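Just below is one structure, and these are the notes that go with it.
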There are 2 protein chains.
Amino acid sequence: MANYVYIATSLDGYIAASDGGLDWLMEIPAPGGEDYGYAEFMATIDALVMGRKTFEKVLTFGDWPYDKPVFVLSTTITEVPEHLAGKVEIVHGELKELTGTLNQRGYNNLYIDGGVTIQNFLQQDLIDEMIITKVPTLLGGGIPLFGTLDEPIKFKHVKTEIYDNGLVKSRYSRSS
Amino acid sequence: MANYVYIATSLDGYIAASDGGLDWLMEIPAPGGEDYGYAEFMATIDALVMGRKTFEKVLTFGDWPYDKPVFVLSTTITEVPEHLAGKVEIVHGELKELTGTLNQRGYNNLYIDGGVTIQNFLQQDLIDEMIITKVPTLLGGGIPLFGTLDEPIKFKHVKTEIYDNGLVKSRYSRSS
C-alpha cells in the first residue's frame, strides 16, 4: 500500500511551463523509444489519482492514455466525459480518507499526479515513494513540482539511473 | 576560463532555510570525512565570487575557510575586516565586465557562490558548469538556488555520483 509520485522536472524544479506547456519535455530525444521505466512503473500501480488541471491537460492529448482507473480530484467537475465512463471517476474530500477508501476498494498502489495534487499529498506527508526524472534544462519559470511544507520531510535515496540523453532519474522512499 | 556553481540543495531546490540556516545540511552524516569532491573541485578554481549575504554567513563560521582569493559582490560593504586583508576584495559592477577583469588578472576559473549571485549570473547566461548535490530532504521553504530567467537555458549532463548517505551529485555543463 503506497502512494507514488512519478514525474519529470526541469533542473529548477518545474513540471510545466506557466501555461501548462510540455514542449521543453517533448522535444527531448528518446532514442529507441526509451520510456524511462514508465511502463514498468505503471505495471506496479493499481490506479491514478490526479488533479482537475492535469485531467484537463490529459484530455487535450486526444487518445486516453491510461489502462488503469483514474480518480480525478475536483469540486467543480461533476460529470465524466461519456467516452471515459467506467475509466474515470470524480472524487473529492479529505485525502487521507480518500486514499483509505481507495485502498479498501483494492487500489493499493496509487500514482499521484499533478502539481497541486502532489503538493497537497506532501503537505499531509502522504507520499511514500518519489521517482523524479531531471531534465538538464533551466526553465526559469513555470509550474513548480514542490510547494511549501509546515515542516521538512526526509526521504531515503533508493537508486539513480542515468540516461544517454542526460536525463537523471532518482527514486526516493519516505524515511521512517 | 569558466564560471562554476558548486552547491548542495534540498530535493525541493533550497540552499538554506529562510533564515540562512544550514542545520539540515550539517546534520547529514559524512562517514570517513567524505567531502563529496569539494577539495578536488577547489583545487581547480582560481578564485571565488560570492554575494554579500553569503560572505556575511561565512564570517559567522569563525575560521576563514578559503585559501583562494575571494571577491565579494557588494555595494554596501566597502571595507574588508582587518584579518581578511589580502584574502578578500570587495567588488561591484556589471558581472560580465567583472569576470572579464578577473580573467585578465589571471583568475580564470571562478567559483560563483550564493543564491542571489548565482541567480544573477544565470540570468546573464554566465555559468558554464554546475555541480549540484541533492540532499534527500524536502525543506518546504527557504532560500532557493534558482530564480526566474528570461528564457530557458539548456545544460548537458556530464556525470552523476551517488554517495552512501543518499546524496546525489550531478555535474552539468552549458550546452552550446
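Here's how to read the names in the C-alpha cells: chain A, B, ... by the order shown, residue numbers from 1 in each chain, ligand numbers from 1 in the order shown.
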
Item to check | Exercise: Glu161 of chain A partners within 7 Å, only C-alpha atoms, chain neighbours under 4 positions left out, as a ChimeraX atom specification | outcome: /A:168-170

Would you output that residue set with N, CA and C atoms, as a PDB file, in the first residue's frame?
ATOM      1  N   VAL A 168      18.311  12.226 -15.616  1.00  0.00           N
ATOM      2  CA  VAL A 168      18.754  11.551 -14.395  1.00  0.00           C
ATOM      3  C   VAL A 168      17.515  11.230 -13.569  1.00  0.00           C
ATOM      4  N   LYS A 169      17.250   9.938 -13.415  1.00  0.00           N
ATOM      5  CA  LYS A 169      16.041   9.510 -12.689  1.00  0.00           C
ATOM      6  C   LYS A 169      16.419   8.986 -11.319  1.00  0.00           C
ATOM      7  N   SER A 170      15.923   9.635 -10.268  1.00  0.00           N
ATOM      8  CA  SER A 170      16.218   9.202  -8.909  1.00  0.00           C
ATOM      9  C   SER A 170      14.948   8.746  -8.204  1.00  0.00           C
TER      10      SER A 170
END

Could you superpose chain A on chain B by least squares over every Cα, matched in sequence order, and send it back as a compact mmCIF listing (two decimals) with N, CA and C atoms, in the first residue's frame?
# COMPACT_ATOMS: atom_id res chain seq x y z
N MET A 1 38.84 28.88 -18.98
CA MET A 1 38.11 30.03 -18.44
C MET A 1 36.65 29.63 -18.24
N ALA A 2 36.24 29.50 -17.00
CA ALA A 2 34.85 29.06 -16.79
C ALA A 2 34.35 29.53 -15.42
N ASN A 3 33.05 29.70 -15.35
CA ASN A 3 32.39 30.03 -14.09
C ASN A 3 31.61 28.82 -13.58
N TYR A 4 31.88 28.46 -12.34
CA TYR A 4 31.33 27.24 -11.76
C TYR A 4 30.35 27.53 -10.63
N VAL A 5 29.31 26.70 -10.58
CA VAL A 5 28.47 26.64 -9.39
C VAL A 5 28.74 25.28 -8.74
N TYR A 6 28.97 25.28 -7.45
CA TYR A 6 29.20 24.02 -6.71
C TYR A 6 28.42 24.16 -5.42
N ILE A 7 27.30 23.45 -5.31
CA ILE A 7 26.42 23.74 -4.19
C ILE A 7 25.55 22.52 -3.86
N ALA A 8 25.07 22.49 -2.65
CA ALA A 8 24.11 21.45 -2.22
C ALA A 8 22.73 22.07 -2.13
N THR A 9 21.73 21.30 -2.56
CA THR A 9 20.35 21.78 -2.39
C THR A 9 19.50 20.66 -1.80
N SER A 10 18.39 21.06 -1.22
CA SER A 10 17.38 20.09 -0.81
C SER A 10 16.71 19.54 -2.07
N LEU A 11 15.92 18.49 -1.91
CA LEU A 11 15.19 17.92 -3.05
C LEU A 11 14.30 18.95 -3.72
N ASP A 12 13.81 19.89 -2.94
CA ASP A 12 12.94 20.92 -3.50
C ASP A 12 13.70 22.21 -3.84
N GLY A 13 15.03 22.11 -3.93
CA GLY A 13 15.80 23.20 -4.53
C GLY A 13 16.19 24.35 -3.64
N TYR A 14 16.17 24.14 -2.31
CA TYR A 14 16.60 25.20 -1.41
C TYR A 14 18.06 25.00 -0.99
N ILE A 15 18.78 26.12 -0.84
CA ILE A 15 20.18 26.02 -0.42
C ILE A 15 20.35 26.38 1.05
N ALA A 16 19.30 26.89 1.65
CA ALA A 16 19.33 27.23 3.08
C ALA A 16 17.90 27.43 3.56
N ALA A 17 17.72 27.33 4.87
CA ALA A 17 16.42 27.68 5.44
C ALA A 17 16.17 29.17 5.24
N SER A 18 14.97 29.62 5.54
CA SER A 18 14.61 31.02 5.30
C SER A 18 15.53 31.99 6.03
N ASP A 19 16.02 31.58 7.20
CA ASP A 19 16.91 32.45 7.97
C ASP A 19 18.38 32.22 7.60
N GLY A 20 18.62 31.50 6.50
CA GLY A 20 19.99 31.23 6.08
C GLY A 20 20.58 30.00 6.73
N GLY A 21 19.80 29.36 7.61
CA GLY A 21 20.27 28.21 8.39
C GLY A 21 20.67 27.01 7.53
N LEU A 22 21.72 26.32 7.97
CA LEU A 22 22.25 25.18 7.24
C LEU A 22 22.22 23.90 8.07
N ASP A 23 21.44 23.90 9.15
CA ASP A 23 21.38 22.73 10.03
C ASP A 23 20.99 21.47 9.27
N TRP A 24 20.00 21.58 8.40
CA TRP A 24 19.51 20.43 7.63
C TRP A 24 20.64 19.79 6.81
N LEU A 25 21.63 20.61 6.46
CA LEU A 25 22.76 20.16 5.65
C LEU A 25 23.86 19.60 6.56
N MET A 26 24.08 20.31 7.67
CA MET A 26 25.16 19.95 8.58
C MET A 26 24.87 18.63 9.30
N GLU A 27 23.59 18.29 9.46
CA GLU A 27 23.25 17.10 10.24
C GLU A 27 23.40 15.81 9.43
N ILE A 28 23.73 15.94 8.15
CA ILE A 28 23.90 14.73 7.33
C ILE A 28 25.19 14.04 7.71
N PRO A 29 25.13 12.74 8.02
CA PRO A 29 26.36 12.04 8.36
C PRO A 29 27.29 11.97 7.15
N ALA A 30 28.57 12.23 7.40
CA ALA A 30 29.56 12.14 6.33
C ALA A 30 30.65 11.16 6.78
N PRO A 31 30.34 9.87 6.67
CA PRO A 31 31.25 8.86 7.22
C PRO A 31 32.64 8.98 6.60
N GLY A 32 33.64 8.83 7.45
CA GLY A 32 35.02 8.86 6.96
C GLY A 32 35.45 10.21 6.45
N GLY A 33 34.74 11.26 6.89
CA GLY A 33 35.13 12.61 6.48
C GLY A 33 34.93 12.87 5.00
N GLU A 34 34.01 12.11 4.38
CA GLU A 34 33.66 12.32 2.96
C GLU A 34 33.45 13.81 2.67
N ASP A 35 34.11 14.33 1.67
CA ASP A 35 33.91 15.75 1.35
C ASP A 35 33.20 15.95 0.01
N TYR A 36 32.71 14.87 -0.58
CA TYR A 36 31.91 14.93 -1.81
C TYR A 36 32.66 15.61 -2.96
N GLY A 37 33.97 15.48 -2.94
CA GLY A 37 34.76 16.04 -4.05
C GLY A 37 35.05 17.53 -3.91
N TYR A 38 34.77 18.08 -2.74
CA TYR A 38 34.96 19.53 -2.53
C TYR A 38 36.42 19.94 -2.70
N ALA A 39 37.34 19.23 -2.05
CA ALA A 39 38.76 19.58 -2.13
C ALA A 39 39.26 19.49 -3.57
N GLU A 40 38.82 18.43 -4.25
CA GLU A 40 39.21 18.23 -5.64
C GLU A 40 38.70 19.39 -6.51
N PHE A 41 37.46 19.78 -6.25
CA PHE A 41 36.88 20.90 -7.00
C PHE A 41 37.63 22.19 -6.69
N MET A 42 37.86 22.45 -5.42
CA MET A 42 38.53 23.70 -5.02
C MET A 42 39.92 23.82 -5.66
N ALA A 43 40.57 22.67 -5.87
CA ALA A 43 41.90 22.68 -6.47
C ALA A 43 41.87 23.18 -7.91
N THR A 44 40.70 23.11 -8.54
CA THR A 44 40.60 23.51 -9.96
C THR A 44 40.22 24.98 -10.15
N ILE A 45 39.84 25.65 -9.07
CA ILE A 45 39.39 27.04 -9.25
C ILE A 45 40.47 28.03 -8.78
N ASP A 46 40.40 29.22 -9.36
CA ASP A 46 41.42 30.24 -9.07
C ASP A 46 40.96 31.25 -8.03
N ALA A 47 39.64 31.43 -7.97
CA ALA A 47 39.10 32.42 -7.02
C ALA A 47 37.61 32.19 -6.85
N LEU A 48 37.05 32.77 -5.79
CA LEU A 48 35.61 32.71 -5.55
C LEU A 48 35.00 34.09 -5.77
N VAL A 49 33.79 34.09 -6.28
CA VAL A 49 32.99 35.31 -6.35
C VAL A 49 31.71 35.02 -5.59
N MET A 50 31.48 35.77 -4.52
CA MET A 50 30.27 35.48 -3.74
C MET A 50 29.50 36.75 -3.42
N GLY A 51 28.25 36.58 -3.09
CA GLY A 51 27.42 37.71 -2.72
C GLY A 51 27.71 38.15 -1.29
N ARG A 52 27.20 39.31 -0.96
CA ARG A 52 27.44 39.89 0.35
C ARG A 52 26.81 39.05 1.45
N LYS A 53 25.62 38.52 1.21
CA LYS A 53 24.95 37.72 2.23
C LYS A 53 25.72 36.44 2.54
N THR A 54 26.22 35.79 1.50
CA THR A 54 26.99 34.57 1.70
C THR A 54 28.28 34.89 2.45
N PHE A 55 28.91 36.00 2.08
CA PHE A 55 30.13 36.43 2.77
C PHE A 55 29.86 36.61 4.27
N GLU A 56 28.77 37.29 4.58
CA GLU A 56 28.45 37.53 5.99
C GLU A 56 28.13 36.23 6.72
N LYS A 57 27.54 35.27 5.99
CA LYS A 57 27.28 33.95 6.57
C LYS A 57 28.60 33.24 6.88
N VAL A 58 29.52 33.30 5.91
CA VAL A 58 30.81 32.63 6.09
C VAL A 58 31.57 33.24 7.28
N LEU A 59 31.44 34.54 7.47
CA LEU A 59 32.11 35.21 8.59
C LEU A 59 31.64 34.63 9.93
N THR A 60 30.39 34.15 10.00
CA THR A 60 29.88 33.59 11.26
C THR A 60 30.48 32.22 11.56
N PHE A 61 31.13 31.60 10.56
CA PHE A 61 31.68 30.26 10.76
C PHE A 61 32.93 30.29 11.67
N GLY A 62 33.48 31.51 11.89
CA GLY A 62 34.70 31.58 12.68
C GLY A 62 35.90 31.61 11.76
N ASP A 63 36.66 30.54 11.73
CA ASP A 63 37.85 30.49 10.87
C ASP A 63 37.50 30.73 9.41
N TRP A 64 38.33 31.50 8.76
CA TRP A 64 38.13 31.77 7.33
C TRP A 64 38.46 30.49 6.55
N PRO A 65 37.50 29.95 5.77
CA PRO A 65 37.70 28.61 5.22
C PRO A 65 38.41 28.54 3.85
N TYR A 66 38.71 29.68 3.24
CA TYR A 66 39.21 29.63 1.87
C TYR A 66 40.70 29.95 1.77
N ASP A 67 41.40 29.19 0.92
CA ASP A 67 42.80 29.51 0.65
C ASP A 67 42.97 30.09 -0.75
N LYS A 68 41.85 30.46 -1.37
CA LYS A 68 41.90 31.14 -2.66
C LYS A 68 41.32 32.54 -2.47
N PRO A 69 41.70 33.48 -3.34
CA PRO A 69 41.14 34.83 -3.23
C PRO A 69 39.61 34.82 -3.34
N VAL A 70 38.98 35.65 -2.54
CA VAL A 70 37.51 35.75 -2.56
C VAL A 70 37.11 37.18 -2.95
N PHE A 71 36.28 37.29 -3.97
CA PHE A 71 35.76 38.58 -4.39
C PHE A 71 34.30 38.66 -3.96
N VAL A 72 33.99 39.65 -3.15
CA VAL A 72 32.64 39.79 -2.60
C VAL A 72 31.91 40.90 -3.34
N LEU A 73 30.80 40.53 -3.95
CA LEU A 73 29.96 41.50 -4.65
C LEU A 73 29.14 42.30 -3.66
N SER A 74 29.39 43.57 -3.57
CA SER A 74 28.60 44.38 -2.64
C SER A 74 28.66 45.84 -3.02
N THR A 75 27.55 46.52 -2.83
CA THR A 75 27.55 47.98 -2.99
C THR A 75 27.43 48.63 -1.62
N THR A 76 27.21 47.80 -0.58
CA THR A 76 27.03 48.36 0.76
C THR A 76 28.29 48.22 1.61
N ILE A 77 28.98 47.11 1.48
CA ILE A 77 30.25 46.96 2.20
C ILE A 77 31.33 47.66 1.40
N THR A 78 32.19 48.39 2.08
CA THR A 78 33.30 49.00 1.35
C THR A 78 34.64 48.54 1.91
N GLU A 79 34.61 48.11 3.18
CA GLU A 79 35.88 47.69 3.78
C GLU A 79 35.87 46.22 4.19
N VAL A 80 37.02 45.61 4.05
CA VAL A 80 37.21 44.21 4.41
C VAL A 80 37.68 44.14 5.86
N PRO A 81 37.15 43.20 6.67
CA PRO A 81 37.66 43.05 8.04
C PRO A 81 39.19 42.89 8.02
N GLU A 82 39.84 43.48 9.00
CA GLU A 82 41.31 43.57 9.00
C GLU A 82 42.00 42.22 8.81
N HIS A 83 41.46 41.17 9.50
CA HIS A 83 42.12 39.86 9.44
C HIS A 83 41.99 39.19 8.08
N LEU A 84 41.16 39.80 7.19
CA LEU A 84 40.99 39.22 5.87
C LEU A 84 41.64 40.07 4.77
N ALA A 85 42.39 41.06 5.19
CA ALA A 85 43.08 41.91 4.22
C ALA A 85 44.00 41.03 3.36
N GLY A 86 43.92 41.23 2.06
CA GLY A 86 44.74 40.41 1.15
C GLY A 86 44.08 39.12 0.75
N LYS A 87 43.01 38.76 1.47
CA LYS A 87 42.30 37.51 1.14
C LYS A 87 40.95 37.80 0.46
N VAL A 88 40.37 38.93 0.84
CA VAL A 88 39.04 39.29 0.35
C VAL A 88 39.10 40.67 -0.31
N GLU A 89 38.40 40.79 -1.43
CA GLU A 89 38.33 42.09 -2.10
C GLU A 89 36.85 42.38 -2.39
N ILE A 90 36.42 43.59 -2.09
CA ILE A 90 35.03 43.97 -2.39
C ILE A 90 34.98 44.46 -3.84
N VAL A 91 34.01 43.93 -4.59
CA VAL A 91 33.89 44.35 -5.99
C VAL A 91 32.42 44.66 -6.28
N HIS A 92 32.20 45.41 -7.34
CA HIS A 92 30.83 45.56 -7.82
C HIS A 92 30.86 45.91 -9.30
N GLY A 93 29.67 46.10 -9.84
CA GLY A 93 29.61 46.43 -11.26
C GLY A 93 29.00 45.31 -12.07
N GLU A 94 28.99 45.51 -13.35
CA GLU A 94 28.35 44.59 -14.30
C GLU A 94 29.13 43.26 -14.30
N LEU A 95 28.39 42.15 -14.22
CA LEU A 95 29.04 40.85 -13.97
C LEU A 95 29.96 40.40 -15.10
N LYS A 96 29.56 40.62 -16.34
CA LYS A 96 30.36 40.18 -17.47
C LYS A 96 31.69 40.93 -17.49
N GLU A 97 31.59 42.22 -17.21
CA GLU A 97 32.79 43.06 -17.15
C GLU A 97 33.69 42.62 -15.99
N LEU A 98 33.04 42.36 -14.85
CA LEU A 98 33.78 41.97 -13.65
C LEU A 98 34.56 40.68 -13.89
N THR A 99 33.88 39.67 -14.45
CA THR A 99 34.59 38.41 -14.67
C THR A 99 35.68 38.60 -15.73
N GLY A 100 35.43 39.46 -16.72
CA GLY A 100 36.47 39.78 -17.71
C GLY A 100 37.71 40.35 -17.03
N THR A 101 37.48 41.26 -16.11
CA THR A 101 38.60 41.86 -15.37
C THR A 101 39.33 40.82 -14.54
N LEU A 102 38.56 39.96 -13.87
CA LEU A 102 39.20 38.91 -13.05
C LEU A 102 39.99 37.95 -13.94
N ASN A 103 39.44 37.59 -15.08
CA ASN A 103 40.16 36.71 -16.02
C ASN A 103 41.48 37.36 -16.44
N GLN A 104 41.43 38.67 -16.73
CA GLN A 104 42.66 39.38 -17.13
C GLN A 104 43.70 39.38 -16.02
N ARG A 105 43.23 39.35 -14.79
CA ARG A 105 44.15 39.31 -13.64
C ARG A 105 44.63 37.89 -13.38
N GLY A 106 44.20 36.94 -14.22
CA GLY A 106 44.71 35.57 -14.08
C GLY A 106 43.78 34.62 -13.34
N TYR A 107 42.64 35.13 -12.91
CA TYR A 107 41.65 34.27 -12.23
C TYR A 107 40.68 33.74 -13.28
N ASN A 108 41.01 32.60 -13.83
CA ASN A 108 40.26 32.08 -14.97
C ASN A 108 39.06 31.23 -14.57
N ASN A 109 39.26 30.41 -13.58
CA ASN A 109 38.18 29.52 -13.16
C ASN A 109 37.59 30.03 -11.86
N LEU A 110 36.35 30.48 -11.95
CA LEU A 110 35.72 31.17 -10.83
C LEU A 110 34.60 30.34 -10.22
N TYR A 111 34.62 30.25 -8.91
CA TYR A 111 33.58 29.56 -8.14
C TYR A 111 32.56 30.63 -7.73
N ILE A 112 31.39 30.57 -8.34
CA ILE A 112 30.35 31.56 -8.10
C ILE A 112 29.45 31.04 -6.99
N ASP A 113 29.33 31.79 -5.89
CA ASP A 113 28.60 31.24 -4.74
C ASP A 113 27.58 32.23 -4.17
N GLY A 114 26.54 31.66 -3.62
CA GLY A 114 25.46 32.45 -3.02
C GLY A 114 24.24 32.51 -3.91
N GLY A 115 23.07 32.35 -3.30
CA GLY A 115 21.83 32.25 -4.07
C GLY A 115 21.59 33.40 -5.03
N VAL A 116 21.58 34.62 -4.51
CA VAL A 116 21.30 35.79 -5.35
C VAL A 116 22.35 35.93 -6.44
N THR A 117 23.60 35.71 -6.07
CA THR A 117 24.70 35.87 -7.02
C THR A 117 24.61 34.83 -8.14
N ILE A 118 24.36 33.59 -7.78
CA ILE A 118 24.21 32.55 -8.80
C ILE A 118 23.04 32.90 -9.73
N GLN A 119 21.95 33.35 -9.15
CA GLN A 119 20.79 33.71 -9.97
C GLN A 119 21.12 34.86 -10.92
N ASN A 120 21.88 35.84 -10.42
CA ASN A 120 22.26 36.96 -11.29
C ASN A 120 23.18 36.50 -12.43
N PHE A 121 24.10 35.62 -12.13
CA PHE A 121 24.99 35.07 -13.18
C PHE A 121 24.17 34.27 -14.20
N LEU A 122 23.24 33.45 -13.71
CA LEU A 122 22.43 32.64 -14.64
C LEU A 122 21.54 33.51 -15.51
N GLN A 123 21.02 34.59 -14.95
CA GLN A 123 20.16 35.48 -15.74
C GLN A 123 20.91 36.03 -16.95
N GLN A 124 22.23 36.10 -16.82
CA GLN A 124 23.03 36.59 -17.95
C GLN A 124 23.75 35.44 -18.66
N ASP A 125 23.33 34.22 -18.35
CA ASP A 125 23.91 33.04 -19.00
C ASP A 125 25.44 33.02 -18.85
N LEU A 126 25.89 33.32 -17.64
CA LEU A 126 27.33 33.39 -17.39
C LEU A 126 27.86 32.21 -16.57
N ILE A 127 27.05 31.15 -16.45
CA ILE A 127 27.51 29.95 -15.73
C ILE A 127 27.83 28.85 -16.74
N ASP A 128 29.04 28.29 -16.63
CA ASP A 128 29.49 27.26 -17.58
C ASP A 128 29.28 25.85 -17.05
N GLU A 129 29.46 25.68 -15.75
CA GLU A 129 29.36 24.35 -15.16
C GLU A 129 28.62 24.45 -13.83
N MET A 130 27.75 23.47 -13.59
CA MET A 130 27.06 23.42 -12.29
C MET A 130 27.25 22.03 -11.71
N ILE A 131 27.74 21.98 -10.49
CA ILE A 131 27.88 20.71 -9.76
C ILE A 131 26.92 20.82 -8.58
N ILE A 132 25.83 20.10 -8.69
CA ILE A 132 24.74 20.24 -7.71
C ILE A 132 24.55 18.93 -6.95
N THR A 133 24.63 19.01 -5.64
CA THR A 133 24.46 17.83 -4.80
C THR A 133 23.09 17.88 -4.14
N LYS A 134 22.30 16.85 -4.43
CA LYS A 134 20.92 16.80 -3.92
C LYS A 134 20.86 16.05 -2.61
N VAL A 135 20.33 16.70 -1.60
CA VAL A 135 20.09 16.08 -0.30
C VAL A 135 18.65 15.55 -0.30
N PRO A 136 18.44 14.30 0.15
CA PRO A 136 17.10 13.70 0.03
C PRO A 136 16.09 14.20 1.06
N THR A 137 16.01 15.49 1.22
CA THR A 137 15.07 16.10 2.16
C THR A 137 14.24 17.15 1.43
N LEU A 138 12.95 17.17 1.70
CA LEU A 138 12.11 18.29 1.26
C LEU A 138 12.09 19.31 2.38
N LEU A 139 12.67 20.49 2.12
CA LEU A 139 12.68 21.51 3.17
C LEU A 139 11.34 22.22 3.28
N GLY A 140 10.67 22.38 2.15
CA GLY A 140 9.35 23.00 2.18
C GLY A 140 9.37 24.51 2.25
N GLY A 141 10.56 25.10 2.11
CA GLY A 141 10.68 26.55 2.15
C GLY A 141 12.12 26.93 2.42
N GLY A 142 12.49 28.16 2.11
CA GLY A 142 13.85 28.61 2.35
C GLY A 142 14.36 29.48 1.23
N ILE A 143 15.68 29.51 1.11
CA ILE A 143 16.33 30.31 0.07
C ILE A 143 16.55 29.41 -1.14
N PRO A 144 15.91 29.73 -2.27
CA PRO A 144 16.00 28.85 -3.44
C PRO A 144 17.31 29.04 -4.20
N LEU A 145 17.81 27.95 -4.78
CA LEU A 145 18.99 28.07 -5.63
C LEU A 145 18.67 28.85 -6.89
N PHE A 146 17.59 28.48 -7.55
CA PHE A 146 17.30 29.06 -8.86
C PHE A 146 16.22 30.13 -8.79
N GLY A 147 16.29 31.07 -9.71
CA GLY A 147 15.28 32.12 -9.80
C GLY A 147 14.70 32.16 -11.19
N THR A 148 14.07 33.26 -11.51
CA THR A 148 13.43 33.38 -12.82
C THR A 148 14.48 33.70 -13.89
N LEU A 149 14.16 33.28 -15.11
CA LEU A 149 15.02 33.54 -16.26
C LEU A 149 14.18 34.11 -17.39
N ASP A 150 14.78 34.94 -18.22
CA ASP A 150 14.05 35.47 -19.38
C ASP A 150 13.74 34.36 -20.37
N GLU A 151 14.68 33.43 -20.51
CA GLU A 151 14.40 32.26 -21.35
C GLU A 151 15.15 31.05 -20.81
N PRO A 152 14.68 29.86 -21.19
CA PRO A 152 15.31 28.63 -20.68
C PRO A 152 16.79 28.55 -21.07
N ILE A 153 17.57 27.86 -20.26
CA ILE A 153 18.98 27.60 -20.56
C ILE A 153 19.19 26.09 -20.53
N LYS A 154 19.74 25.58 -21.61
CA LYS A 154 19.96 24.14 -21.67
C LYS A 154 21.37 23.78 -21.21
N PHE A 155 21.44 22.75 -20.40
CA PHE A 155 22.73 22.21 -19.97
C PHE A 155 22.87 20.79 -20.49
N LYS A 156 24.10 20.30 -20.45
CA LYS A 156 24.37 18.89 -20.77
C LYS A 156 24.73 18.17 -19.49
N HIS A 157 24.18 16.99 -19.28
CA HIS A 157 24.58 16.20 -18.13
C HIS A 157 25.97 15.63 -18.37
N VAL A 158 26.88 15.83 -17.44
CA VAL A 158 28.25 15.33 -17.59
C VAL A 158 28.42 14.03 -16.81
N LYS A 159 28.11 14.07 -15.52
CA LYS A 159 28.15 12.83 -14.75
C LYS A 159 27.39 12.98 -13.44
N THR A 160 27.06 11.85 -12.86
CA THR A 160 26.35 11.82 -11.59
C THR A 160 27.03 10.82 -10.67
N GLU A 161 27.27 11.23 -9.44
CA GLU A 161 27.84 10.33 -8.44
C GLU A 161 26.86 10.17 -7.29
N ILE A 162 26.78 8.95 -6.79
CA ILE A 162 25.86 8.64 -5.68
C ILE A 162 26.70 8.37 -4.43
N TYR A 163 26.35 8.95 -3.33
CA TYR A 163 27.05 8.69 -2.07
C TYR A 163 26.20 7.79 -1.18
N ASP A 164 26.91 7.06 -0.30
CA ASP A 164 26.24 6.07 0.54
C ASP A 164 25.13 6.66 1.42
N ASN A 165 25.28 7.93 1.77
CA ASN A 165 24.27 8.55 2.63
C ASN A 165 23.10 9.14 1.85
N GLY A 166 23.04 8.83 0.54
CA GLY A 166 21.88 9.24 -0.25
C GLY A 166 22.03 10.54 -1.01
N LEU A 167 23.19 11.18 -0.86
CA LEU A 167 23.41 12.39 -1.63
C LEU A 167 23.70 12.02 -3.09
N VAL A 168 23.16 12.80 -4.01
CA VAL A 168 23.34 12.56 -5.44
C VAL A 168 23.94 13.82 -6.05
N LYS A 169 25.17 13.69 -6.53
CA LYS A 169 25.88 14.85 -7.08
C LYS A 169 25.92 14.77 -8.60
N SER A 170 25.32 15.74 -9.27
CA SER A 170 25.30 15.76 -10.73
C SER A 170 26.07 16.97 -11.26
N ARG A 171 26.81 16.73 -12.32
CA ARG A 171 27.56 17.81 -12.95
C ARG A 171 26.94 18.12 -14.31
N TYR A 172 26.67 19.40 -14.52
CA TYR A 172 26.06 19.85 -15.77
C TYR A 172 26.93 20.92 -16.41
N SER A 173 27.02 20.83 -17.73
CA SER A 173 27.84 21.76 -18.49
C SER A 173 26.93 22.50 -19.47
N ARG A 174 27.17 23.79 -19.65
CA ARG A 174 26.33 24.57 -20.56
C ARG A 174 26.41 23.99 -21.97
N SER A 175 25.25 23.70 -22.56
CA SER A 175 25.20 23.28 -23.97
C SER A 175 25.47 24.48 -24.84
N SER A 176 26.13 24.26 -25.96
CA SER A 176 26.34 25.40 -26.85
C SER A 176 26.04 24.98 -28.28

Next on the checklist: Using DSSP secondary structure from the backbone, list all strand (DSSP E or B) positions within chain A, as a count of residues only.
Outcome noted: 59

Item to check | DSSP alpha helix (DSSP H) residues within segment 35-170 of chain A, listed as a ChimeraX atom specification | outcome: /A:38-44,52-59,95-104,115-123

Selection to disk with C-alpha atoms, as an mmCIF file, in the first residue's frame:
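Heads up, here's the output in selection.cif:
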data_model
loop_
_atom_site.group_PDB
_atom_site.id
_atom_site.type_symbol
_atom_site.label_atom_id
_atom_site.label_comp_id
_atom_site.auth_asym_id
_atom_site.auth_seq_id
_atom_site.Cartn_x
_atom_site.Cartn_y
_atom_site.Cartn_z
ATOM 1 C CA TYR A 38 7.322 4.299 -17.351
ATOM 2 C CA ALA A 39 5.687 1.031 -18.498
ATOM 3 C CA GLU A 40 7.448 -0.877 -15.741
ATOM 4 C CA PHE A 41 6.262 1.651 -13.179
ATOM 5 C CA MET A 42 2.692 1.688 -14.497
ATOM 6 C CA ALA A 43 2.574 -2.104 -14.162
ATOM 7 C CA THR A 44 3.082 -1.736 -10.397
ATOM 8 C CA ARG A 52 -8.525 18.503 -12.202
ATOM 9 C CA LYS A 53 -5.986 20.610 -14.104
ATOM 10 C CA THR A 54 -3.866 17.598 -15.002
ATOM 11 C CA PHE A 55 -7.003 15.721 -16.075
ATOM 12 C CA GLU A 56 -7.991 18.569 -18.376
ATOM 13 C CA LYS A 57 -4.440 18.637 -19.779
ATOM 14 C CA VAL A 58 -4.558 14.897 -20.468
ATOM 15 C CA LEU A 59 -7.900 15.344 -22.266
ATOM 16 C CA LEU A 95 -7.024 12.998 1.059
ATOM 17 C CA LYS A 96 -6.214 10.519 3.831
ATOM 18 C CA GLU A 97 -9.822 9.385 3.918
ATOM 19 C CA LEU A 98 -9.963 9.211 0.131
ATOM 20 C CA THR A 99 -6.886 7.020 -0.186
ATOM 21 C CA GLY A 100 -8.223 4.856 2.666
ATOM 22 C CA THR A 101 -11.418 4.341 0.701
ATOM 23 C CA LEU A 102 -9.498 3.557 -2.488
ATOM 24 C CA ASN A 103 -7.292 1.078 -0.612
ATOM 25 C CA GLN A 104 -10.434 -0.637 0.726
ATOM 26 C CA GLY A 115 1.455 19.701 -9.294
ATOM 27 C CA VAL A 116 -1.237 20.930 -6.904
ATOM 28 C CA THR A 117 -2.307 17.392 -6.028
ATOM 29 C CA ILE A 118 1.232 16.211 -5.300
ATOM 30 C CA GLN A 119 1.785 19.295 -3.147
ATOM 31 C CA ASN A 120 -1.425 18.620 -1.220
ATOM 32 C CA PHE A 121 -0.419 14.989 -0.620
ATOM 33 C CA LEU A 122 3.074 16.048 0.517
ATOM 34 C CA GLN A 123 1.664 18.659 2.888
#
